[in-house]
$ cat data_32.cif   # mmCIF, N, CA and C atoms
data_model
loop_
_atom_site.group_PDB
_atom_site.id
_atom_site.type_symbol
_atom_site.label_atom_id
_atom_site.label_comp_id
_atom_site.auth_asym_id
_atom_site.auth_seq_id
_atom_site.Cartn_x
_atom_site.Cartn_y
_atom_site.Cartn_z
ATOM 1 N N MET A 1210 98.824 91.390 101.833
ATOM 2 C CA MET A 1210 100.122 91.688 101.279
ATOM 3 C C MET A 1210 100.955 92.464 102.296
ATOM 4 N N CYS A 1211 102.233 92.328 102.207
ATOM 5 C CA CYS A 1211 103.087 93.133 103.068
ATOM 6 C C CYS A 1211 103.228 94.525 102.456
ATOM 7 N N ALA A 1212 103.724 95.446 103.236
ATOM 8 C CA ALA A 1212 103.850 96.830 102.787
ATOM 9 C C ALA A 1212 104.746 96.961 101.561
ATOM 10 N N VAL A 1213 105.852 96.247 101.521
ATOM 11 C CA VAL A 1213 106.771 96.358 100.384
ATOM 12 C C VAL A 1213 106.129 95.783 99.119
ATOM 13 N N ASP A 1214 105.410 94.680 99.236
ATOM 14 C CA ASP A 1214 104.680 94.132 98.084
ATOM 15 C C ASP A 1214 103.695 95.170 97.560
ATOM 16 N N ALA A 1215 102.925 95.757 98.472
ATOM 17 C CA ALA A 1215 101.924 96.749 98.076
ATOM 18 C C ALA A 1215 102.573 97.942 97.387
ATOM 19 N N LEU A 1216 103.704 98.396 97.910
ATOM 20 C CA LEU A 1216 104.404 99.524 97.292
ATOM 21 C C LEU A 1216 104.938 99.183 95.906
ATOM 22 N N GLY A 1217 105.219 97.927 95.643
ATOM 23 C CA GLY A 1217 105.727 97.502 94.349
ATOM 24 C C GLY A 1217 104.653 97.309 93.281
ATOM 25 N N MET A 1218 103.377 97.309 93.672
ATOM 26 C CA MET A 1218 102.296 97.065 92.716
ATOM 27 C C MET A 1218 102.244 98.102 91.594
ATOM 28 N N SER A 1219 102.511 99.355 91.899
ATOM 29 C CA SER A 1219 102.485 100.381 90.858
ATOM 30 C C SER A 1219 103.528 100.095 89.790
ATOM 31 N N ALA A 1220 104.710 99.681 90.207
ATOM 32 C CA ALA A 1220 105.774 99.359 89.253
ATOM 33 C C ALA A 1220 105.418 98.118 88.429
ATOM 34 N N ILE A 1221 104.763 97.152 89.042
ATOM 35 C CA ILE A 1221 104.346 95.946 88.309
ATOM 36 C C ILE A 1221 103.287 96.295 87.270
ATOM 37 N N LEU A 1222 102.284 97.065 87.695
ATOM 38 C CA LEU A 1222 101.127 97.332 86.846
ATOM 39 C C LEU A 1222 101.290 98.534 85.917
ATOM 40 N N GLY A 1223 102.288 99.390 86.205
ATOM 41 C CA GLY A 1223 102.503 100.568 85.388
ATOM 42 C C GLY A 1223 101.416 101.612 85.537
ATOM 43 N N THR A 1224 100.798 101.671 86.706
ATOM 44 C CA THR A 1224 99.738 102.640 86.959
ATOM 45 C C THR A 1224 99.767 103.068 88.424
ATOM 46 N N GLU A 1225 99.090 104.151 88.721
ATOM 47 C CA GLU A 1225 99.005 104.620 90.106
ATOM 48 C C GLU A 1225 98.171 103.638 90.923
ATOM 49 N N VAL A 1226 98.606 103.411 92.151
ATOM 50 C CA VAL A 1226 97.825 102.590 93.078
ATOM 51 C C VAL A 1226 97.636 103.348 94.384
ATOM 52 N N VAL A 1227 96.545 103.039 95.054
ATOM 53 C CA VAL A 1227 96.261 103.619 96.364
ATOM 54 C C VAL A 1227 96.182 102.468 97.363
ATOM 55 N N ILE A 1228 96.946 102.595 98.438
ATOM 56 C CA ILE A 1228 97.010 101.589 99.491
ATOM 57 C C ILE A 1228 96.366 102.202 100.730
ATOM 58 N N GLU A 1229 95.471 101.469 101.393
ATOM 59 C CA GLU A 1229 94.768 102.012 102.558
ATOM 60 C C GLU A 1229 94.852 101.060 103.750
ATOM 61 N N PRO A 1230 96.048 100.942 104.332
ATOM 62 C CA PRO A 1230 96.198 100.079 105.515
ATOM 63 C C PRO A 1230 95.830 100.834 106.794
ATOM 64 N N ALA A 1231 95.883 100.114 107.890
ATOM 65 C CA ALA A 1231 95.739 100.723 109.213
ATOM 66 C C ALA A 1231 97.027 100.467 109.979
ATOM 67 N N ASP A 1232 97.438 101.431 110.788
ATOM 68 C CA ASP A 1232 98.607 101.251 111.655
ATOM 69 C C ASP A 1232 98.300 100.093 112.597
ATOM 70 N N PRO A 1233 99.157 99.052 112.659
ATOM 71 C CA PRO A 1233 98.859 97.896 113.507
ATOM 72 C C PRO A 1233 98.895 98.186 115.012
ATOM 73 N N VAL A 1234 99.456 99.315 115.406
ATOM 74 C CA VAL A 1234 99.492 99.675 116.824
ATOM 75 C C VAL A 1234 98.291 100.531 117.206
ATOM 76 N N THR A 1235 98.054 101.583 116.443
ATOM 77 C CA THR A 1235 97.017 102.553 116.805
ATOM 78 C C THR A 1235 95.683 102.316 116.111
ATOM 79 N N GLY A 1236 95.705 101.573 115.007
ATOM 80 C CA GLY A 1236 94.496 101.379 114.222
ATOM 81 C C GLY A 1236 94.174 102.558 113.312
ATOM 82 N N GLU A 1237 94.999 103.622 113.375
ATOM 83 C CA GLU A 1237 94.762 104.804 112.550
ATOM 84 C C GLU A 1237 94.869 104.441 111.075
ATOM 85 N N ARG A 1238 93.926 104.959 110.282
ATOM 86 C CA ARG A 1238 93.932 104.718 108.839
ATOM 87 C C ARG A 1238 95.073 105.494 108.185
ATOM 88 N N ILE A 1239 95.687 104.861 107.201
ATOM 89 C CA ILE A 1239 96.787 105.437 106.435
ATOM 90 C C ILE A 1239 96.381 105.359 104.967
ATOM 91 N N THR A 1240 96.729 106.369 104.203
ATOM 92 C CA THR A 1240 96.519 106.327 102.755
ATOM 93 C C THR A 1240 97.853 106.611 102.077
ATOM 94 N N VAL A 1241 98.252 105.712 101.193
ATOM 95 C CA VAL A 1241 99.496 105.876 100.445
ATOM 96 C C VAL A 1241 99.153 105.794 98.964
ATOM 97 N N THR A 1242 99.528 106.817 98.216
ATOM 98 C CA THR A 1242 99.334 106.830 96.773
ATOM 99 C C THR A 1242 100.705 106.669 96.122
ATOM 100 N N VAL A 1243 100.817 105.644 95.269
ATOM 101 C CA VAL A 1243 102.109 105.290 94.670
ATOM 102 C C VAL A 1243 102.037 105.394 93.152
ATOM 103 N N GLN A 1244 103.052 106.016 92.576
ATOM 104 C CA GLN A 1244 103.223 106.053 91.120
ATOM 105 C C GLN A 1244 104.669 105.678 90.848
ATOM 106 N N GLY A 1245 104.895 104.438 90.414
ATOM 107 C CA GLY A 1245 106.252 103.966 90.145
ATOM 108 C C GLY A 1245 107.099 103.947 91.400
ATOM 109 N N GLU A 1246 108.152 104.768 91.420
ATOM 110 C CA GLU A 1246 109.046 104.823 92.576
ATOM 111 C C GLU A 1246 108.749 106.003 93.494
ATOM 112 N N SER A 1247 107.621 106.659 93.310
ATOM 113 C CA SER A 1247 107.257 107.814 94.143
ATOM 114 C C SER A 1247 105.977 107.525 94.906
ATOM 115 N N ALA A 1248 105.923 108.006 96.143
ATOM 116 C CA ALA A 1248 104.727 107.811 96.958
ATOM 117 C C ALA A 1248 104.498 109.022 97.849
ATOM 118 N N VAL A 1249 103.237 109.290 98.124
ATOM 119 C CA VAL A 1249 102.841 110.302 99.098
ATOM 120 C C VAL A 1249 101.848 109.642 100.044
ATOM 121 N N ALA A 1250 101.865 110.089 101.291
ATOM 122 C CA ALA A 1250 101.021 109.440 102.291
ATOM 123 C C ALA A 1250 100.314 110.448 103.173
ATOM 124 N N THR A 1251 99.205 109.998 103.722
ATOM 125 C CA THR A 1251 98.489 110.712 104.765
ATOM 126 C C THR A 1251 98.337 109.736 105.916
ATOM 127 N N PRO A 1252 98.902 110.054 107.069
ATOM 128 C CA PRO A 1252 99.654 111.263 107.376
ATOM 129 C C PRO A 1252 101.028 111.267 106.687
ATOM 130 N N ALA A 1253 101.620 112.432 106.588
ATOM 131 C CA ALA A 1253 102.897 112.599 105.890
ATOM 132 C C ALA A 1253 104.059 111.922 106.608
ATOM 133 N N THR A 1254 103.864 111.529 107.852
ATOM 134 C CA THR A 1254 104.917 110.926 108.668
ATOM 135 C C THR A 1254 105.010 109.400 108.523
ATOM 136 N N VAL A 1255 104.274 108.810 107.587
ATOM 137 C CA VAL A 1255 104.220 107.355 107.425
ATOM 138 C C VAL A 1255 105.613 106.778 107.165
ATOM 139 N N VAL A 1256 105.894 105.649 107.820
ATOM 140 C CA VAL A 1256 107.121 104.886 107.629
ATOM 141 C C VAL A 1256 106.744 103.422 107.434
ATOM 142 N N VAL A 1257 107.737 102.615 107.064
ATOM 143 C CA VAL A 1257 107.519 101.190 106.859
ATOM 144 C C VAL A 1257 108.551 100.424 107.677
ATOM 145 N N PHE A 1258 108.098 99.427 108.430
ATOM 146 C CA PHE A 1258 109.031 98.530 109.110
ATOM 147 C C PHE A 1258 109.376 97.432 108.125
ATOM 148 N N VAL A 1259 110.665 97.266 107.843
ATOM 149 C CA VAL A 1259 111.156 96.255 106.908
ATOM 150 C C VAL A 1259 111.975 95.263 107.711
ATOM 151 N N GLY A 1260 111.471 94.042 107.840
ATOM 152 C CA GLY A 1260 112.167 93.053 108.635
ATOM 153 C C GLY A 1260 111.601 91.665 108.428
ATOM 154 N N ALA A 1261 112.044 90.737 109.272
ATOM 155 C CA ALA A 1261 111.580 89.356 109.194
ATOM 156 C C ALA A 1261 111.669 88.707 110.560
ATOM 157 N N ASP A 1262 110.803 87.755 110.789
ATOM 158 C CA ASP A 1262 110.801 86.955 112.007
ATOM 159 C C ASP A 1262 112.042 86.070 111.993
ATOM 160 N N ALA A 1263 112.605 85.829 113.153
ATOM 161 C CA ALA A 1263 113.826 85.019 113.246
ATOM 162 C C ALA A 1263 113.575 83.540 112.989
ATOM 163 N N GLY A 1264 112.322 83.109 112.865
ATOM 164 C CA GLY A 1264 112.012 81.700 112.640
ATOM 165 C C GLY A 1264 112.233 81.260 111.210
ATOM 166 N N ARG A 1265 112.064 79.978 110.986
ATOM 167 C CA ARG A 1265 112.199 79.409 109.648
ATOM 168 C C ARG A 1265 110.823 79.273 109.013
ATOM 169 N N GLY A 1266 110.827 79.240 107.685
ATOM 170 C CA GLY A 1266 109.578 79.024 106.973
ATOM 171 C C GLY A 1266 109.484 79.905 105.752
ATOM 172 N N PRO A 1267 108.363 79.794 105.041
ATOM 173 C CA PRO A 1267 108.185 80.604 103.829
ATOM 174 C C PRO A 1267 108.088 82.085 104.162
ATOM 175 N N SER A 1268 108.446 82.914 103.192
ATOM 176 C CA SER A 1268 108.448 84.360 103.436
ATOM 177 C C SER A 1268 107.071 84.878 103.826
ATOM 178 N N ALA A 1269 106.007 84.245 103.340
ATOM 179 C CA ALA A 1269 104.657 84.679 103.714
ATOM 180 C C ALA A 1269 104.452 84.587 105.221
ATOM 181 N N GLU A 1270 105.163 83.681 105.878
ATOM 182 C CA GLU A 1270 105.036 83.519 107.322
ATOM 183 C C GLU A 1270 106.101 84.286 108.101
ATOM 184 N N THR A 1271 107.305 84.402 107.549
ATOM 185 C CA THR A 1271 108.398 85.019 108.306
ATOM 186 C C THR A 1271 108.597 86.500 108.011
ATOM 187 N N CYS A 1272 108.098 86.971 106.872
ATOM 188 C CA CYS A 1272 108.294 88.375 106.498
ATOM 189 C C CYS A 1272 106.993 89.166 106.421
ATOM 190 N N CYS A 1273 106.031 88.631 105.698
ATOM 191 C CA CYS A 1273 104.859 89.432 105.326
ATOM 192 C C CYS A 1273 104.089 90.003 106.507
ATOM 193 N N THR A 1274 104.039 89.308 107.610
ATOM 194 C CA THR A 1274 103.329 89.856 108.774
ATOM 195 C C THR A 1274 104.160 90.914 109.495
ATOM 196 N N SER A 1275 105.422 91.061 109.110
ATOM 197 C CA SER A 1275 106.323 91.998 109.777
ATOM 198 C C SER A 1275 106.588 93.268 108.976
ATOM 199 N N LEU A 1276 106.277 93.281 107.714
ATOM 200 C CA LEU A 1276 106.516 94.455 106.867
ATOM 201 C C LEU A 1276 105.237 95.276 106.839
ATOM 202 N N ASN A 1277 105.182 96.263 107.725
ATOM 203 C CA ASN A 1277 103.960 97.027 107.939
ATOM 204 C C ASN A 1277 104.167 98.522 107.748
ATOM 205 N N PHE A 1278 103.058 99.203 107.429
ATOM 206 C CA PHE A 1278 103.019 100.661 107.437
ATOM 207 C C PHE A 1278 102.707 101.123 108.853
ATOM 208 N N PHE A 1279 103.341 102.221 109.280
ATOM 209 C CA PHE A 1279 103.064 102.834 110.578
ATOM 210 C C PHE A 1279 102.886 104.332 110.380
ATOM 211 N N THR A 1280 102.129 104.955 111.262
ATOM 212 C CA THR A 1280 101.876 106.388 111.126
ATOM 213 C C THR A 1280 103.123 107.224 111.354
ATOM 214 N N ASP A 1281 104.077 106.706 112.153
ATOM 215 C CA ASP A 1281 105.308 107.454 112.405
ATOM 216 C C ASP A 1281 106.377 106.527 112.979
ATOM 217 N N ARG A 1282 107.595 107.050 113.091
ATOM 218 C CA ARG A 1282 108.728 106.250 113.591
ATOM 219 C C ARG A 1282 108.525 105.758 115.021
ATOM 220 N N ALA A 1283 107.968 106.591 115.864
ATOM 221 C CA ALA A 1283 107.770 106.196 117.270
ATOM 222 C C ALA A 1283 106.847 104.985 117.368
ATOM 223 N N THR A 1284 105.790 104.980 116.593
ATOM 224 C CA THR A 1284 104.854 103.858 116.619
ATOM 225 C C THR A 1284 105.511 102.597 116.063
ATOM 226 N N ALA A 1285 106.282 102.742 114.999
ATOM 227 C CA ALA A 1285 106.991 101.593 114.431
ATOM 228 C C ALA A 1285 107.996 101.023 115.432
ATOM 229 N N ARG A 1286 108.710 101.901 116.107
ATOM 230 C CA ARG A 1286 109.689 101.434 117.111
ATOM 231 C C ARG A 1286 108.984 100.760 118.282
ATOM 232 N N SER A 1287 107.825 101.262 118.671
ATOM 233 C CA SER A 1287 107.037 100.651 119.736
ATOM 234 C C SER A 1287 106.640 99.231 119.335
ATOM 235 N N TRP A 1288 106.151 99.078 118.105
ATOM 236 C CA TRP A 1288 105.763 97.760 117.607
ATOM 237 C C TRP A 1288 106.966 96.820 117.598
ATOM 238 N N ALA A 1289 108.102 97.298 117.115
ATOM 239 C CA ALA A 1289 109.312 96.476 117.053
ATOM 240 C C ALA A 1289 109.734 96.027 118.452
ATOM 241 N N GLY A 1290 109.606 96.918 119.437
ATOM 242 C CA GLY A 1290 109.949 96.564 120.808
ATOM 243 C C GLY A 1290 109.056 95.476 121.380
ATOM 244 N N GLU A 1291 107.830 95.419 120.890
ATOM 245 C CA GLU A 1291 106.883 94.396 121.341
ATOM 246 C C GLU A 1291 107.032 93.087 120.576
ATOM 247 N N HIS A 1292 107.854 93.066 119.550
ATOM 248 C CA HIS A 1292 108.073 91.882 118.722
ATOM 249 C C HIS A 1292 109.585 91.607 118.600
ATOM 250 N N PRO A 1293 110.215 91.190 119.693
ATOM 251 C CA PRO A 1293 111.674 91.034 119.696
ATOM 252 C C PRO A 1293 112.210 89.971 118.736
ATOM 253 N N ARG A 1294 111.389 89.026 118.292
ATOM 254 C CA ARG A 1294 111.848 88.007 117.329
ATOM 255 C C ARG A 1294 111.965 88.569 115.915
ATOM 256 N N VAL A 1295 111.415 89.754 115.716
ATOM 257 C CA VAL A 1295 111.414 90.352 114.380
ATOM 258 C C VAL A 1295 112.561 91.351 114.277
ATOM 259 N N GLY A 1296 113.555 91.017 113.476
ATOM 260 C CA GLY A 1296 114.657 91.939 113.245
ATOM 261 C C GLY A 1296 114.361 92.791 112.029
ATOM 262 N N GLY A 1297 114.804 94.030 112.054
ATOM 263 C CA GLY A 1297 114.572 94.869 110.888
ATOM 264 C C GLY A 1297 114.865 96.322 111.172
ATOM 265 N N ILE A 1298 114.421 97.162 110.250
ATOM 266 C CA ILE A 1298 114.649 98.596 110.359
ATOM 267 C C ILE A 1298 113.362 99.351 110.068
ATOM 268 N N VAL A 1299 113.315 100.577 110.537
ATOM 269 C CA VAL A 1299 112.239 101.489 110.181
ATOM 270 C C VAL A 1299 112.742 102.298 108.988
ATOM 271 N N ALA A 1300 112.067 102.157 107.861
ATOM 272 C CA ALA A 1300 112.480 102.839 106.621
ATOM 273 C C ALA A 1300 111.513 103.967 106.306
ATOM 274 N N ASP A 1301 112.061 105.062 105.779
ATOM 275 C CA ASP A 1301 111.145 106.122 105.359
ATOM 276 C C ASP A 1301 110.393 105.636 104.126
ATOM 277 N N LEU A 1302 109.285 106.287 103.830
ATOM 278 C CA LEU A 1302 108.410 105.849 102.750
ATOM 279 C C LEU A 1302 109.118 105.850 101.399
ATOM 280 N N ALA A 1303 109.957 106.833 101.139
ATOM 281 C CA ALA A 1303 110.659 106.903 99.850
ATOM 282 C C ALA A 1303 111.559 105.686 99.648
ATOM 283 N N ASP A 1304 112.320 105.320 100.675
ATOM 284 C CA ASP A 1304 113.206 104.158 100.556
ATOM 285 C C ASP A 1304 112.408 102.866 100.391
ATOM 286 N N ALA A 1305 111.335 102.716 101.153
ATOM 287 C CA ALA A 1305 110.512 101.509 101.054
ATOM 288 C C ALA A 1305 109.847 101.413 99.686
ATOM 289 N N THR A 1306 109.444 102.546 99.128
ATOM 290 C CA THR A 1306 108.817 102.550 97.807
ATOM 291 C C THR A 1306 109.819 102.143 96.730
ATOM 292 N N ARG A 1307 111.031 102.675 96.801
ATOM 293 C CA ARG A 1307 112.073 102.281 95.846
ATOM 294 C C ARG A 1307 112.381 100.783 95.972
ATOM 295 N N LEU A 1308 112.396 100.272 97.197
ATOM 296 C CA LEU A 1308 112.636 98.848 97.417
ATOM 297 C C LEU A 1308 111.548 98.020 96.738
ATOM 298 N N GLY A 1309 110.291 98.385 96.953
ATOM 299 C CA GLY A 1309 109.186 97.661 96.322
ATOM 300 C C GLY A 1309 109.265 97.705 94.810
ATOM 301 N N ALA A 1310 109.573 98.869 94.257
ATOM 302 C CA ALA A 1310 109.678 99.008 92.805
ATOM 303 C C ALA A 1310 110.841 98.193 92.255
ATOM 304 N N THR A 1311 111.946 98.146 92.975
ATOM 305 C CA THR A 1311 113.120 97.390 92.544
ATOM 306 C C THR A 1311 112.839 95.887 92.562
ATOM 307 N N ILE A 1312 112.198 95.417 93.618
ATOM 308 C CA ILE A 1312 111.917 93.985 93.740
ATOM 309 C C ILE A 1312 110.891 93.525 92.724
ATOM 310 N N PHE A 1313 109.814 94.293 92.554
ATOM 311 C CA PHE A 1313 108.675 93.818 91.775
ATOM 312 C C PHE A 1313 108.501 94.464 90.407
ATOM 313 N N GLY A 1314 109.269 95.522 90.100
ATOM 314 C CA GLY A 1314 109.059 96.279 88.884
ATOM 315 C C GLY A 1314 109.065 95.499 87.591
ATOM 316 N N GLY A 1315 109.931 94.542 87.441
ATOM 317 C CA GLY A 1315 109.999 93.773 86.195
ATOM 318 C C GLY A 1315 109.291 92.433 86.242
ATOM 319 N N ALA A 1316 108.493 92.222 87.261
ATOM 320 C CA ALA A 1316 107.880 90.897 87.466
ATOM 321 C C ALA A 1316 107.015 90.425 86.303
ATOM 322 N N LEU A 1317 106.317 91.315 85.640
ATOM 323 C CA LEU A 1317 105.434 90.890 84.553
ATOM 324 C C LEU A 1317 106.097 90.927 83.182
ATOM 325 N N THR A 1318 107.298 91.507 83.127
ATOM 326 C CA THR A 1318 107.982 91.592 81.840
ATOM 327 C C THR A 1318 109.097 90.578 81.686
ATOM 328 N N SER A 1319 109.416 89.882 82.749
ATOM 329 C CA SER A 1319 110.517 88.895 82.697
ATOM 330 C C SER A 1319 110.058 87.567 82.136
#
$ encode --input "data_32.cif" --output "structure tokens"
Amino acid sequence: MCAVDALGMSAILGTEVVIEPADPVTGERITVTVQGESAVATPATVVVFVGADAGRGPSAETCCTSLNFFTDRATARSWAGEHPRVGGIVADLADATRLGATIFGGALTS
């Protein structure tokens, strides 16, 4: 799953979720605990890269591999610099969590 999908799971399921990805640059383990539109992370500097590959195709191919958790902004920017076809932004965890909750929150009730 991409980071935004994972952040939206709490809103879909109506329960706390724990996400345990690794930073794709450093391999450092990250822990994110999400309850609805709120999240806390270890390390506290966690950010999310929100973007998409410039190519065509289904979102699973053009977005999901690009929406990642990173330990900090510098690491996310480093990754983005190494992937010039991927346009996007580095979002703080709070904004990315609200995005996930907004996109997926009503998925099971609609």
$ closest_residue --input "data_32.cif" --among "A:Gly1309, A:Arg1286, A:Gly1223, A:Asp1281" --to "Thr1254 (chain A)" --atoms "all atoms listed in the file"
A:Asp1281
$ atom_distance --input "data_32.cif" --atom1 "CA of Ala1300 (chain A)" --atom2 "CA of Thr1224 (chain A)"
23.4 Å
$ residues_around --input "data_32.cif" --residues "Gly1245 (chain A)" --least-positions-apart "5" --cutoff "8 Å" --atoms "only N, CA and C atoms" --output "ChimeraX atom specification"
/A:1216-1221,1223-1226,1306-1307,1309-1311
$ atom_distance --input "data_32.cif" --atom1 "CA of Arg1294 (chain A)" --atom2 "CA of Ala1253 (chain A)"
28.6 Å
$ closest_residue --input "data_32.cif" --among "A:Ala1283, A:Leu1222, A:Val1241, A:Ile1298" --to "Val1257 (chain A)" --atoms "only N, CA and C atoms"
A:Ile1298
$ closest_residue --input "data_32.cif" --among "A:Val1213, A:Ala1250, A:His1292, A:Thr1242" --to "Val1227 (chain A)" --atoms "all atoms listed in the file"
A:Thr1242
$ resolve_selection --input "data_32.cif" --expression "the PyMOL selection byres (((chain A and resi 1285 and name CA) around 10) and name CA)" --output "list of chain:residue names"
A:Asp1232, A:Pro1233, A:Val1234, A:Val1255, A:Val1256, A:Val1257, A:Phe1258, A:Asn1277, A:Phe1278, A:Phe1279, A:Thr1280, A:Asp1281, A:Arg1282, A:Ala1283, A:Thr1284, A:Arg1286, A:Ser1287, A:Trp1288, A:Ala1289, A:Gly1290, A:Glu1291, A:Ile1298, A:Val1299, A:Ala1300
$ atom_distance --input "data_32.cif" --atom1 "CA of Val1295 (chain A)" --atom2 "CA of Ile1228 (chain A)"
23.6 Å
$ select_by_dssp --input "data_32.cif" --residues "chain A" --states "helix (DSSP H, G or I)" --output "ChimeraX atom specification"
/A:1212-1222,1268-1271,1282-1291,1302-1313
$ select_by_dssp --input "data_32.cif" --residues "chain A" --states "strand (DSSP E)" --output "PyMOL selection string"
chain A and resi 1226-1228+1240-1244+1247-1251+1256-1262+1277-1279+1295-1301
$ closest_residue --input "data_32.cif" --among "A:Pro1252, A:Pro1293, A:Gly1260, A:Gly1314" --to "Arg1238 (chain A)" --atoms "all atoms listed in the file"
A:Pro1252
$ closest_residue --input "data_32.cif" --among "A:Ala1231, A:Val1259, A:Glu1237, A:Ala1248" --to "Gly1297 (chain A)" --atoms "only N, CA and C atoms"
A:Val1259
